[in-house]
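Comments concern the structure below.
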There are 2 protein chains.
Amino acid sequence: MAQQKKISSKTVERMSQYRRVLGRLAESNATHVYSHELAYLCGLSAAQVRRDLMTIGFTGSSARGYDVSELLRRVSDFLGFSRERRLALVGIGYLGRALLDYFVDRNPIFRICAAFDADLDKVDRVIHGVRCYPVDKMGEILRPLQVQTGIITVPASAAQQVAFELVECGVTGLLNFAPVQLRVPPGVYLENLDLTSALEKVAYFAGNPADTEREMK
Amino acid sequence: MAQQKKISSKTVERMSQYRRVLGRLAESNATHVYSHELAYLCGLSAAQVRRDLMTIGFTGSSARGYDVSELLRRVSDFLGFSRERRLALVGIGYLGRALLDYFVDRNPIFRICAAFDADLDKVDRVIHGVRCYPVDKMGEILRPLQVQTGIITVPASAAQQVAFELVECGVTGLLNFAPVQLRVPPGVYLENLDLTSALEKVAYFAGNPADTEREMK
DNA sequence: TTCACGCTGTGAATTGATTCACAGCTACAA
DNA sequence: TTGTAGCTGTGAATCAATTCACAGCGTGAA
Ligand SMILES: NC(=O)c1ccc[n+]([C@@H]2O[C@H](COP(=O)([O-])OP(=O)(O)OC[C@H]3O[C@@H](n4cnc5c(N)ncnc54)[C@H](O)[C@@H]3O)[C@@H](O)[C@H]2O)c1
Ligand SMILES: NC(=O)c1ccc[n+]([C@@H]2O[C@H](COP(=O)([O-])OP(=O)(O)OC[C@H]3O[C@@H](n4cnc5c(N)ncnc54)[C@H](O)[C@@H]3O)[C@@H](O)[C@H]2O)c1
């Protein structure tokens, strides 16, 4: 079950994109895709796609390309869609609620199963279909469910404490939206999604068209 | 006023982070920072910080490090905080509202000045302090204000059309949250923020601790 | 049955980003 | 005044990601 080669985070991210467009292709009854088609739909190069599929050992046919449904299954397996994955969200503010609304019921085996907030007005009810608990119930709820992934949408001042508690509860992957650099023990994966930096970056290039050049990833 | 060397998008993103932590440092009355301190606060290496500051030609003192307020001013200038920047948001759903709530009034010279939606129930009022207009008023509103940056938070099915319209209105930088690969003409900067991929990536590494290894960027 | 086209799989090359490593400087201590 | 510890600025080295380029194959056409 061990991974032979190490998989880069970029590759995993692209797998998620492949999965999405393969889903659409499957819905439109396409049976095969060429690497250049998949690439186009994802905004990548054909060589990139072939390289990625190589890393998960998927192989296509030289004349017909890749079998859509087979590849979809393979990519889904790779991403862990074969067994249920449970996620938790902490911080039911504007952003937390947007995420709950979006992700709940979107995929039954990849689901946010609990939300937490320090504000007692927001807890002990169901928001967008997810049970909301006070933060001090975290361990009690998360441990038995073996939740592995946590989403942090609390203010920056509370984020480190929340991260620490989530890790204590057995979470090994964190998606952090708070604008602070969190410290996590080795073995815990941390991904920061910094909306402010992203926006300032876009504004920078919008205002400096000379730099935009070939910056179109 | 032209950029001599090309600036990478990664560097710009880090500039935004530097700006944030420099702001905090200034508030706490720190007068100087060493590259390794700034690096620690941003989760980067000291060499990286020095390299970045080199690209904007900022230079510190070998014994006291960098002057906080001077560097803050310099980085802010670099990012374009010296003149007002106007942004527009299209799609006043959950995510759009979260962004409006967060970015409005946070910085008066870097501001979302208009929001648009196709749903007539959502327009012609003020949400979180921002005027909301019907989509067909886009040109009329954006052109005179010289809005350069657009945020797209509409459903995937509408995103390409919205992107096209924004570009028509003179926008040269787009931050897209919709899970589709948009096509924009050369010279327009496009940044995709794909929350689903980000989440699936975290879930992947949460479930494959072996791969987490040195993946801690 | 044979041919030719256009695709895949993949080493090798390239490009880009990050880190190393160290010369040179500066403030402070003695 | 001199010594020194610890920092910056930066060329060179390394490491990571992407692209090139092409051998080899499978399919459909003739
Ligand atoms: N909304 C955005 O567009 C946006 C943009 C950039 C960054 N962010 C960051 O994302 C995070 C969330 O943003 P938001 O707009 O949803 O904020 P918000 O203020 O609307 O929500 C924060 C929520 O966290 C809860 N909370 C506070 N302390 C807590 C604790 N210790 N434990 C559990 N819950 C706690 C609050 O009760 C609140 O419900 C913030 O860190 C913010 O800086 C948001
Ligand atoms: N909310 C999340 O957490 C999340 C996660 C992943 C991806 N996304 C993506 O972000 C985007 C926005 O998500 P959301 O949850 O806010 O969606 P939402 O459905 O709550 O809001 C979409 C808004 O866009 C408006 N709209 C629809 N067509 C339009 C058009 N042609 N012109 C202008 N406005 C139009 C709708 O009236 C609505 O107000 C979607 O593309 C979604 O896939 C959101």
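Residues are referred to by chain and number: the chain letter is A, B, ... according to the order shown in the structure tokens, the number counts from 1 in that chain, and ligands are numbered separately from 1 in the order shown.
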Do you know which residues are at most 12 Å from Met15 in chain B counting only C-alpha atoms (C1' of nucleotides), after dropping those on the same chain fewer than 5 positions away, and could you put them as a CSV table (one decimal) with all heavy atoms, in the first residue's frame?
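Everything below was put into selection.csv:
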chain,number,residue,atom,x,y,z
A,196,THR,N,-6.2,36.9,0.7
A,196,THR,CA,-5.7,38.3,0.6
A,196,THR,C,-4.4,38.3,-0.4
A,196,THR,O,-4.4,39.2,-1.3
A,196,THR,CB,-5.3,38.9,1.9
A,196,THR,OG1,-6.4,38.9,2.8
A,196,THR,CG2,-4.8,40.3,1.8
A,197,SER,N,-3.5,37.4,-0.2
A,197,SER,CA,-2.3,37.4,-1.1
A,197,SER,C,-2.7,37.1,-2.5
A,197,SER,O,-2.2,37.7,-3.4
A,197,SER,CB,-1.4,36.3,-0.6
A,197,SER,OG,-0.9,36.5,0.7
A,198,ALA,N,-3.7,36.2,-2.7
A,198,ALA,CA,-4.1,35.9,-4.0
A,198,ALA,C,-4.7,37.1,-4.7
A,198,ALA,O,-4.4,37.4,-5.8
A,198,ALA,CB,-5.2,34.8,-4.0
A,200,GLU,N,-4.2,40.3,-3.9
A,200,GLU,CA,-3.2,41.4,-4.1
A,200,GLU,C,-2.3,41.0,-5.3
A,200,GLU,O,-1.8,41.9,-6.0
A,200,GLU,CB,-2.4,41.6,-2.8
A,200,GLU,CG,-3.2,42.2,-1.7
A,200,GLU,CD,-2.5,42.6,-0.5
A,200,GLU,OE1,-1.3,42.4,-0.3
A,200,GLU,OE2,-3.2,43.1,0.5
A,201,LYS,N,-2.0,39.7,-5.4
A,201,LYS,CA,-1.2,39.3,-6.6
A,201,LYS,C,-1.9,39.6,-7.9
A,201,LYS,O,-1.3,40.2,-8.8
A,201,LYS,CB,-1.0,37.8,-6.5
A,201,LYS,CG,-0.3,37.2,-7.6
A,201,LYS,CD,0.3,35.8,-7.3
A,201,LYS,CE,-0.8,34.8,-7.0
A,201,LYS,NZ,-0.3,33.4,-7.1
A,204,TYR,N,-1.8,43.2,-8.5
A,204,TYR,CA,-0.5,43.6,-9.0
A,204,TYR,C,-0.3,43.4,-10.5
A,204,TYR,O,0.1,44.3,-11.2
A,204,TYR,CB,0.6,42.8,-8.2
A,204,TYR,CG,2.0,43.0,-8.8
A,204,TYR,CD1,2.8,44.1,-8.3
A,204,TYR,CD2,2.5,42.3,-9.8
A,204,TYR,CE1,4.0,44.4,-8.9
A,204,TYR,CE2,3.8,42.5,-10.4
A,204,TYR,CZ,4.5,43.6,-9.9
A,204,TYR,OH,5.7,43.8,-10.4
B,7,ILE,N,9.2,39.9,-12.6
B,7,ILE,CA,8.9,39.5,-11.3
B,7,ILE,C,8.0,38.2,-11.3
B,7,ILE,O,7.0,38.2,-12.0
B,7,ILE,CB,8.2,40.6,-10.5
B,7,ILE,CG1,8.9,41.9,-10.6
B,7,ILE,CG2,7.9,40.2,-9.1
B,7,ILE,CD1,10.1,42.1,-9.7
B,8,SER,N,8.4,37.2,-10.6
B,8,SER,CA,7.6,36.0,-10.6
B,8,SER,C,6.3,36.1,-9.7
B,8,SER,O,6.4,36.8,-8.7
B,8,SER,CB,8.4,34.8,-10.2
B,8,SER,OG,8.2,34.5,-8.8
B,9,SER,N,5.3,35.4,-10.1
B,9,SER,CA,4.1,35.4,-9.3
B,9,SER,C,4.3,35.0,-7.9
B,9,SER,O,3.6,35.5,-7.0
B,9,SER,CB,3.0,34.6,-10.1
B,9,SER,OG,2.5,33.6,-9.3
B,10,LYS,N,5.2,34.0,-7.7
B,10,LYS,CA,5.4,33.6,-6.4
B,10,LYS,C,6.0,34.7,-5.5
B,10,LYS,O,5.7,34.8,-4.3
B,10,LYS,CB,6.5,32.4,-6.4
B,10,LYS,CG,6.1,31.2,-7.1
B,10,LYS,CD,5.4,30.2,-6.2
B,10,LYS,CE,5.2,28.8,-6.8
B,10,LYS,NZ,6.5,28.0,-6.8
B,20,ARG,N,1.9,42.0,5.2
B,20,ARG,CA,1.0,41.8,6.4
B,20,ARG,C,1.9,41.7,7.7
B,20,ARG,O,1.5,42.3,8.6
B,20,ARG,CB,0.3,40.5,6.1
B,20,ARG,CG,-0.6,40.1,7.3
B,20,ARG,CD,-1.7,39.1,6.9
B,20,ARG,NE,-1.1,38.0,6.2
B,20,ARG,CZ,-1.7,37.4,5.2
B,20,ARG,NH1,-2.8,37.9,4.7
B,20,ARG,NH2,-1.1,36.4,4.6
B,21,VAL,N,2.9,40.9,7.6
B,21,VAL,CA,3.6,40.7,8.9
B,21,VAL,C,4.4,42.0,9.3
B,21,VAL,O,4.6,42.3,10.4
B,21,VAL,CB,4.5,39.4,9.0
B,21,VAL,CG1,4.0,38.3,8.1
B,21,VAL,CG2,5.9,39.7,8.9
B,22,LEU,N,4.8,42.7,8.3
B,22,LEU,CA,5.5,44.0,8.6
B,22,LEU,C,4.5,45.0,9.2
B,22,LEU,O,4.9,45.7,10.1
B,22,LEU,CB,6.1,44.6,7.3
B,22,LEU,CG,7.3,43.9,6.7
B,22,LEU,CD1,7.6,44.4,5.3
B,22,LEU,CD2,8.5,44.2,7.6
B,38,LEU,N,11.8,37.6,9.7
B,38,LEU,CA,10.7,37.7,8.8
B,38,LEU,C,10.4,36.4,8.2
B,38,LEU,O,9.2,36.0,8.0
B,38,LEU,CB,11.2,38.7,7.7
B,38,LEU,CG,10.1,39.4,6.8
B,38,LEU,CD1,8.9,39.8,7.6
B,38,LEU,CD2,10.8,40.5,6.0
B,39,ALA,N,11.4,35.6,7.9
B,39,ALA,CA,11.3,34.3,7.3
B,39,ALA,C,10.4,33.4,8.2
B,39,ALA,O,9.5,32.7,7.8
B,39,ALA,CB,12.6,33.7,7.0
B,42,CYS,N,6.8,34.1,8.3
B,42,CYS,CA,6.1,33.8,7.0
B,42,CYS,C,6.2,32.3,6.7
B,42,CYS,O,5.7,31.9,5.6
B,42,CYS,CB,6.6,34.6,5.9
B,42,CYS,SG,6.4,36.4,6.1
B,48,GLN,N,15.4,33.0,1.1
B,48,GLN,CA,14.3,33.3,0.3
B,48,GLN,C,13.9,34.8,0.5
B,48,GLN,O,13.7,35.5,-0.5
B,48,GLN,CB,13.1,32.4,0.7
B,48,GLN,CG,11.8,32.7,-0.1
B,48,GLN,CD,11.9,32.0,-1.5
B,48,GLN,OE1,11.6,30.9,-1.6
B,48,GLN,NE2,12.3,32.7,-2.5
B,49,VAL,N,13.8,35.2,1.7
B,49,VAL,CA,13.4,36.6,2.0
B,49,VAL,C,14.4,37.5,1.4
B,49,VAL,O,14.1,38.5,0.8
B,49,VAL,CB,13.3,36.8,3.6
B,49,VAL,CG1,13.2,38.3,3.9
B,49,VAL,CG2,12.2,36.0,4.1
B,50,ARG,N,15.7,37.3,1.6
B,50,ARG,CA,16.7,38.2,1.1
B,50,ARG,C,16.6,38.2,-0.4
B,50,ARG,O,16.8,39.3,-1.0
B,50,ARG,CB,18.1,37.7,1.6
B,50,ARG,CG,18.3,37.8,3.1
B,50,ARG,CD,19.8,37.9,3.5
B,50,ARG,NE,20.6,36.8,3.1
B,50,ARG,CZ,20.7,35.6,3.7
B,50,ARG,NH1,20.0,35.5,4.9
B,50,ARG,NH2,21.4,34.7,3.3
B,51,ARG,N,16.4,37.1,-1.0
B,51,ARG,CA,16.3,37.0,-2.5
B,51,ARG,C,15.2,37.9,-2.9
B,51,ARG,O,15.3,38.7,-3.9
B,51,ARG,CB,16.2,35.6,-2.9
B,51,ARG,CG,16.1,35.3,-4.3
B,51,ARG,CD,17.3,35.5,-5.1
B,51,ARG,NE,18.4,34.7,-4.7
B,51,ARG,CZ,19.7,34.8,-5.2
B,51,ARG,NH1,19.9,35.7,-6.2
B,51,ARG,NH2,20.7,34.1,-4.8
B,52,ASP,N,14.0,37.8,-2.3
B,52,ASP,CA,12.9,38.6,-2.7
B,52,ASP,C,13.1,40.1,-2.5
B,52,ASP,O,12.8,40.8,-3.4
B,52,ASP,CB,11.6,38.2,-1.8
B,52,ASP,CG,11.0,36.9,-2.2
B,52,ASP,OD1,11.2,36.4,-3.4
B,52,ASP,OD2,10.3,36.2,-1.4
B,53,LEU,N,13.7,40.4,-1.4
B,53,LEU,CA,13.9,41.9,-1.2
B,53,LEU,C,15.0,42.4,-2.2
B,53,LEU,O,14.9,43.5,-2.7
B,53,LEU,CB,14.4,42.1,0.2
B,53,LEU,CG,13.4,41.7,1.3
B,53,LEU,CD1,13.8,42.3,2.6
B,53,LEU,CD2,12.0,42.2,0.9
B,54,MET,N,15.9,41.5,-2.6
B,54,MET,CA,16.8,41.9,-3.6
B,54,MET,C,16.1,42.2,-4.9
B,54,MET,O,16.4,43.2,-5.6
B,54,MET,CB,17.8,40.7,-3.9
B,54,MET,CG,19.1,41.2,-4.4
B,54,MET,SD,20.3,39.8,-4.6
B,54,MET,CE,19.8,39.1,-6.1
B,55,THR,N,15.1,41.4,-5.3
B,55,THR,CA,14.4,41.7,-6.6
B,55,THR,C,13.7,43.0,-6.6
B,55,THR,O,13.5,43.6,-7.6
B,55,THR,CB,13.4,40.6,-7.0
B,55,THR,OG1,12.3,40.6,-6.1
B,55,THR,CG2,14.0,39.2,-6.9
B,56,ILE,N,13.3,43.5,-5.4
B,56,ILE,CA,12.7,44.9,-5.5
B,56,ILE,C,13.8,45.9,-5.1
B,56,ILE,O,13.5,47.1,-4.9
B,56,ILE,CB,11.5,45.0,-4.6
B,56,ILE,CG1,11.7,44.7,-3.1
B,56,ILE,CG2,10.3,44.2,-5.1
B,56,ILE,CD1,10.7,45.3,-2.2
B,71,LEU,N,10.8,49.4,5.0
B,71,LEU,CA,10.5,48.2,4.2
B,71,LEU,C,9.0,48.1,3.9
B,71,LEU,O,8.6,47.7,2.8
B,71,LEU,CB,11.0,46.9,4.8
B,71,LEU,CG,10.8,45.6,4.1
B,71,LEU,CD1,11.3,45.7,2.6
B,71,LEU,CD2,11.5,44.5,4.8
B,72,LEU,N,8.2,48.3,4.9
B,72,LEU,CA,6.8,48.3,4.8
B,72,LEU,C,6.3,49.2,3.7
B,72,LEU,O,5.5,48.9,2.8
B,72,LEU,CB,6.1,48.6,6.1
B,72,LEU,CG,4.6,48.7,6.1
B,72,LEU,CD1,3.9,47.4,5.6
B,72,LEU,CD2,4.0,49.0,7.5
B,73,ARG,N,6.8,50.4,3.7
B,73,ARG,CA,6.5,51.4,2.7
B,73,ARG,C,6.9,50.9,1.3
B,73,ARG,O,6.1,51.0,0.4
B,73,ARG,CB,7.1,52.8,3.0
B,73,ARG,CG,6.6,53.9,2.2
B,73,ARG,CD,6.8,55.3,2.9
B,73,ARG,NE,8.1,55.4,3.6
B,73,ARG,CZ,9.2,55.5,3.0
B,73,ARG,NH1,9.3,55.5,1.7
B,73,ARG,NH2,10.4,55.6,3.7
B,74,ARG,N,8.1,50.4,1.3
B,74,ARG,CA,8.6,49.9,0.0
B,74,ARG,C,7.8,48.8,-0.6
B,74,ARG,O,7.4,48.8,-1.8
B,74,ARG,CB,10.0,49.5,0.2
B,74,ARG,CG,10.8,49.4,-1.0
B,74,ARG,CD,10.9,50.7,-1.7
B,74,ARG,NE,12.2,50.8,-2.4
B,74,ARG,CZ,12.6,50.0,-3.3
B,74,ARG,NH1,11.8,49.0,-3.7
B,74,ARG,NH2,13.8,50.1,-3.9
B,75,VAL,N,7.4,47.8,0.3
B,75,VAL,CA,6.7,46.7,-0.2
B,75,VAL,C,5.2,47.2,-0.6
B,75,VAL,O,4.7,46.7,-1.6
B,75,VAL,CB,6.6,45.6,0.9
B,75,VAL,CG1,5.6,44.5,0.5
B,75,VAL,CG2,8.0,45.0,1.1
B,76,SER,N,4.7,48.0,0.2
B,76,SER,CA,3.3,48.6,-0.1
B,76,SER,C,3.4,49.3,-1.5
B,76,SER,O,2.5,49.1,-2.3
B,76,SER,CB,2.9,49.5,0.9
B,76,SER,OG,2.8,48.9,2.2
B,77,ASP,N,4.4,50.1,-1.7
B,77,ASP,CA,4.5,50.7,-3.0
B,77,ASP,C,4.6,49.7,-4.1
B,77,ASP,O,3.9,49.8,-5.1
B,77,ASP,CB,5.8,51.6,-3.0
B,77,ASP,CG,5.6,52.9,-2.5
B,77,ASP,OD1,4.5,53.2,-1.9
B,77,ASP,OD2,6.5,53.8,-2.5
B,78,PHE,N,5.4,48.7,-3.9
B,78,PHE,CA,5.6,47.7,-4.9
B,78,PHE,C,4.3,47.1,-5.3
B,78,PHE,O,4.0,46.9,-6.5
B,78,PHE,CB,6.6,46.6,-4.4
B,78,PHE,CG,6.6,45.4,-5.3
B,78,PHE,CD1,7.5,45.4,-6.4
B,78,PHE,CD2,5.9,44.3,-5.0
B,78,PHE,CE1,7.5,44.3,-7.3
B,78,PHE,CE2,5.9,43.2,-5.9
B,78,PHE,CZ,6.7,43.2,-7.0
B,79,LEU,N,3.5,46.8,-4.3
B,79,LEU,CA,2.2,46.1,-4.5
B,79,LEU,C,1.1,47.1,-5.1
B,79,LEU,O,0.0,46.6,-5.4
B,79,LEU,CB,1.7,45.5,-3.2
B,79,LEU,CG,2.4,44.2,-2.7
B,79,LEU,CD1,2.0,43.8,-1.4
B,79,LEU,CD2,2.3,43.1,-3.7
B,80,GLY,N,1.5,48.3,-5.1
B,80,GLY,CA,0.5,49.3,-5.7
B,80,GLY,C,-0.4,49.9,-4.7
B,80,GLY,O,-1.5,50.4,-5.1
- Please identify all polymer residues within 8 Å of range 8-18 of chain C, counting only C-alpha atoms (C1' of nucleotides), omitting same-chain residues fewer than 4 positions from it, and present them as a ChimeraX atom specification. /A:50,54,60-62,65 /B:48 /D:15-20
For the residues in that selection, give me N, CA, C and O atoms (P, O5', C5', C4', C3', O3' and C1' of nucleotides) as an mmCIF file, in the first residue's frame.
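Listed below is the output, result_24.cif:
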data_model
loop_
_atom_site.group_PDB
_atom_site.id
_atom_site.type_symbol
_atom_site.label_atom_id
_atom_site.label_comp_id
_atom_site.auth_asym_id
_atom_site.auth_seq_id
_atom_site.Cartn_x
_atom_site.Cartn_y
_atom_site.Cartn_z
ATOM 1 N N ARG A 50 0.331 13.667 -19.504
ATOM 2 C CA ARG A 50 0.887 12.321 -19.651
ATOM 3 C C ARG A 50 1.831 12.010 -18.491
ATOM 4 O O ARG A 50 1.820 10.920 -17.920
ATOM 5 N N MET A 54 1.403 9.109 -15.750
ATOM 6 C CA MET A 54 2.495 8.161 -15.591
ATOM 7 C C MET A 54 2.790 7.944 -14.107
ATOM 8 O O MET A 54 3.013 6.821 -13.674
ATOM 9 N N GLY A 60 -2.692 4.538 -21.331
ATOM 10 C CA GLY A 60 -3.749 4.643 -22.338
ATOM 11 C C GLY A 60 -3.402 3.898 -23.605
ATOM 12 O O GLY A 60 -2.445 3.138 -23.642
ATOM 13 N N SER A 61 -4.181 4.128 -24.598
ATOM 14 C CA SER A 61 -3.935 3.462 -25.877
ATOM 15 C C SER A 61 -3.429 4.503 -26.853
ATOM 16 O O SER A 61 -3.902 5.640 -26.885
ATOM 17 N N SER A 62 -2.462 4.124 -27.644
ATOM 18 C CA SER A 62 -1.823 5.117 -28.487
ATOM 19 C C SER A 62 -2.742 5.630 -29.583
ATOM 20 O O SER A 62 -2.528 6.707 -30.111
ATOM 21 N N GLY A 65 -6.318 7.097 -27.086
ATOM 22 C CA GLY A 65 -6.138 7.935 -25.899
ATOM 23 C C GLY A 65 -6.501 7.184 -24.633
ATOM 24 O O GLY A 65 -6.253 5.983 -24.518
ATOM 25 N N GLN B 48 15.404 32.976 1.118
ATOM 26 C CA GLN B 48 14.264 33.332 0.272
ATOM 27 C C GLN B 48 13.877 34.793 0.479
ATOM 28 O O GLN B 48 13.651 35.533 -0.480
ATOM 29 P P DC D 15 20.684 18.663 -4.030
ATOM 30 O "O5'" DC D 15 19.158 19.040 -4.281
ATOM 31 C "C5'" DC D 15 18.554 20.127 -3.583
ATOM 32 C "C4'" DC D 15 17.269 20.446 -4.290
ATOM 33 C "C3'" DC D 15 16.502 19.203 -4.775
ATOM 34 O "O3'" DC D 15 15.226 19.250 -4.167
ATOM 35 C "C1'" DC D 15 16.664 20.846 -6.496
ATOM 36 P P DA D 16 14.082 18.200 -4.538
ATOM 37 O "O5'" DA D 16 13.197 19.063 -5.528
ATOM 38 C "C5'" DA D 16 12.725 20.338 -5.154
ATOM 39 C "C4'" DA D 16 11.799 20.835 -6.229
ATOM 40 C "C3'" DA D 16 10.804 19.772 -6.714
ATOM 41 O "O3'" DA D 16 9.535 20.399 -6.774
ATOM 42 C "C1'" DA D 16 12.033 20.644 -8.543
ATOM 43 P P DA D 17 8.260 19.657 -7.367
ATOM 44 O "O5'" DA D 17 8.149 20.318 -8.803
ATOM 45 C "C5'" DA D 17 8.044 21.722 -8.923
ATOM 46 C "C4'" DA D 17 7.913 22.050 -10.388
ATOM 47 C "C3'" DA D 17 6.823 21.258 -11.100
ATOM 48 O "O3'" DA D 17 5.995 22.207 -11.742
ATOM 49 C "C1'" DA D 17 8.899 21.097 -12.275
ATOM 50 P P DT D 18 4.783 21.791 -12.663
ATOM 51 O "O5'" DT D 18 5.464 21.863 -14.114
ATOM 52 C "C5'" DT D 18 6.067 23.083 -14.526
ATOM 53 C "C4'" DT D 18 6.746 22.872 -15.855
ATOM 54 C "C3'" DT D 18 5.827 22.298 -16.930
ATOM 55 O "O3'" DT D 18 5.721 23.299 -17.927
ATOM 56 C "C1'" DT D 18 7.975 21.245 -16.937
ATOM 57 P P DT D 19 4.889 23.073 -19.244
ATOM 58 O "O5'" DT D 19 6.030 22.622 -20.266
ATOM 59 C "C5'" DT D 19 7.138 23.487 -20.491
ATOM 60 C "C4'" DT D 19 8.101 22.792 -21.424
ATOM 61 C "C3'" DT D 19 7.439 22.310 -22.725
ATOM 62 O "O3'" DT D 19 8.187 22.912 -23.778
ATOM 63 C "C1'" DT D 19 8.750 20.580 -21.719
ATOM 64 P P DC D 20 7.871 22.578 -25.318
ATOM 65 O "O5'" DC D 20 9.036 21.546 -25.634
ATOM 66 C "C5'" DC D 20 10.329 21.823 -25.128
ATOM 67 C "C4'" DC D 20 11.339 20.820 -25.656
ATOM 68 C "C3'" DC D 20 11.099 20.359 -27.085
ATOM 69 O "O3'" DC D 20 12.388 20.262 -27.667
ATOM 70 C "C1'" DC D 20 11.085 18.480 -25.632
#
- Message: I'd like to know which residues of range 5-206 of chain A are alpha helix (DSSP H) (by DSSP, run on the backbone); could you write them as a PyMOL selection string?
- Response: chain A and resi 9-27+35-42+46-55+68-79+94-103+138-145+156-168+195-206
- Which residues come within 10 Å of range 157-160 of chain B, counting only C-alpha atoms (C1' of nucleotides), excluding same-chain residues fewer than 2 positions away, as an MDAnalysis selection string? chainID B and resid 90:91 118 152:155 162:166 176:184
- Residues of chain D near chain B: apply a cut-off of 8 Å, count only C-alpha atoms (C1' of nucleotides), and supply the list as a VMD selection string. chain D and resid 6 to 9
- Message: Residues of chain B within 8 Å of chain A, counting only C-alpha atoms - could you list those as number ranges by chain?
- Response: B: 2-3, 6-9, 12-14, 16-17, 41-43, 79-80, 85, 94-95, 97-99, 101, 148-149, 171-175, 180-181, 186-191, 196-207, 209-213, 215-216
- Message: If DSSP is run on the backbone, what residues of chain A are strand (DSSP E or B)? A reply as a count of residues only would be ideal.
- Response: 40
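For the pair atom 21 (O, counted along the ligand's line) of ligand 1 and CA of Ala115 in chain A, the separation is 12.4 Å.
Once DA13 in chain D and its same-chain neighbours fewer than 2 positions away are set aside, C:DT19, C:DC20, C:DA21, D:DG11, D:DC15 remain within 10 Å of it when counting only C-alpha atoms (C1' of nucleotides).
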- Taking into account only C-alpha atoms and all ligand atoms, which residue in the set B:Arg106, B:Ser45, B:Val68, B:His32 is nearest to ligand 1?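 For ligand 1, the nearest of the candidates is B:Arg106.
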- Message: Could you tell me how far C1' of DG28 in chain D sits from C1' of DT1 in chain C, in Å to one decimal place?
- Response: 13.0 Å
- Go through A:Gly129, A:Arg24, A:Arg143, A:Val104 one by one, measure the shortest atom-to-atom distance of each to ligand 2 using only C-alpha atoms and all ligand atoms, and give the residue with the smallest value.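 Among the listed residues, A:Val104 lies closest to ligand 2.
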- Item | Gap from atom 1 (N, counted along the ligand's line) of ligand 2 to CA of Pro185 in chain A - Å, one decimal | 29.4 Å
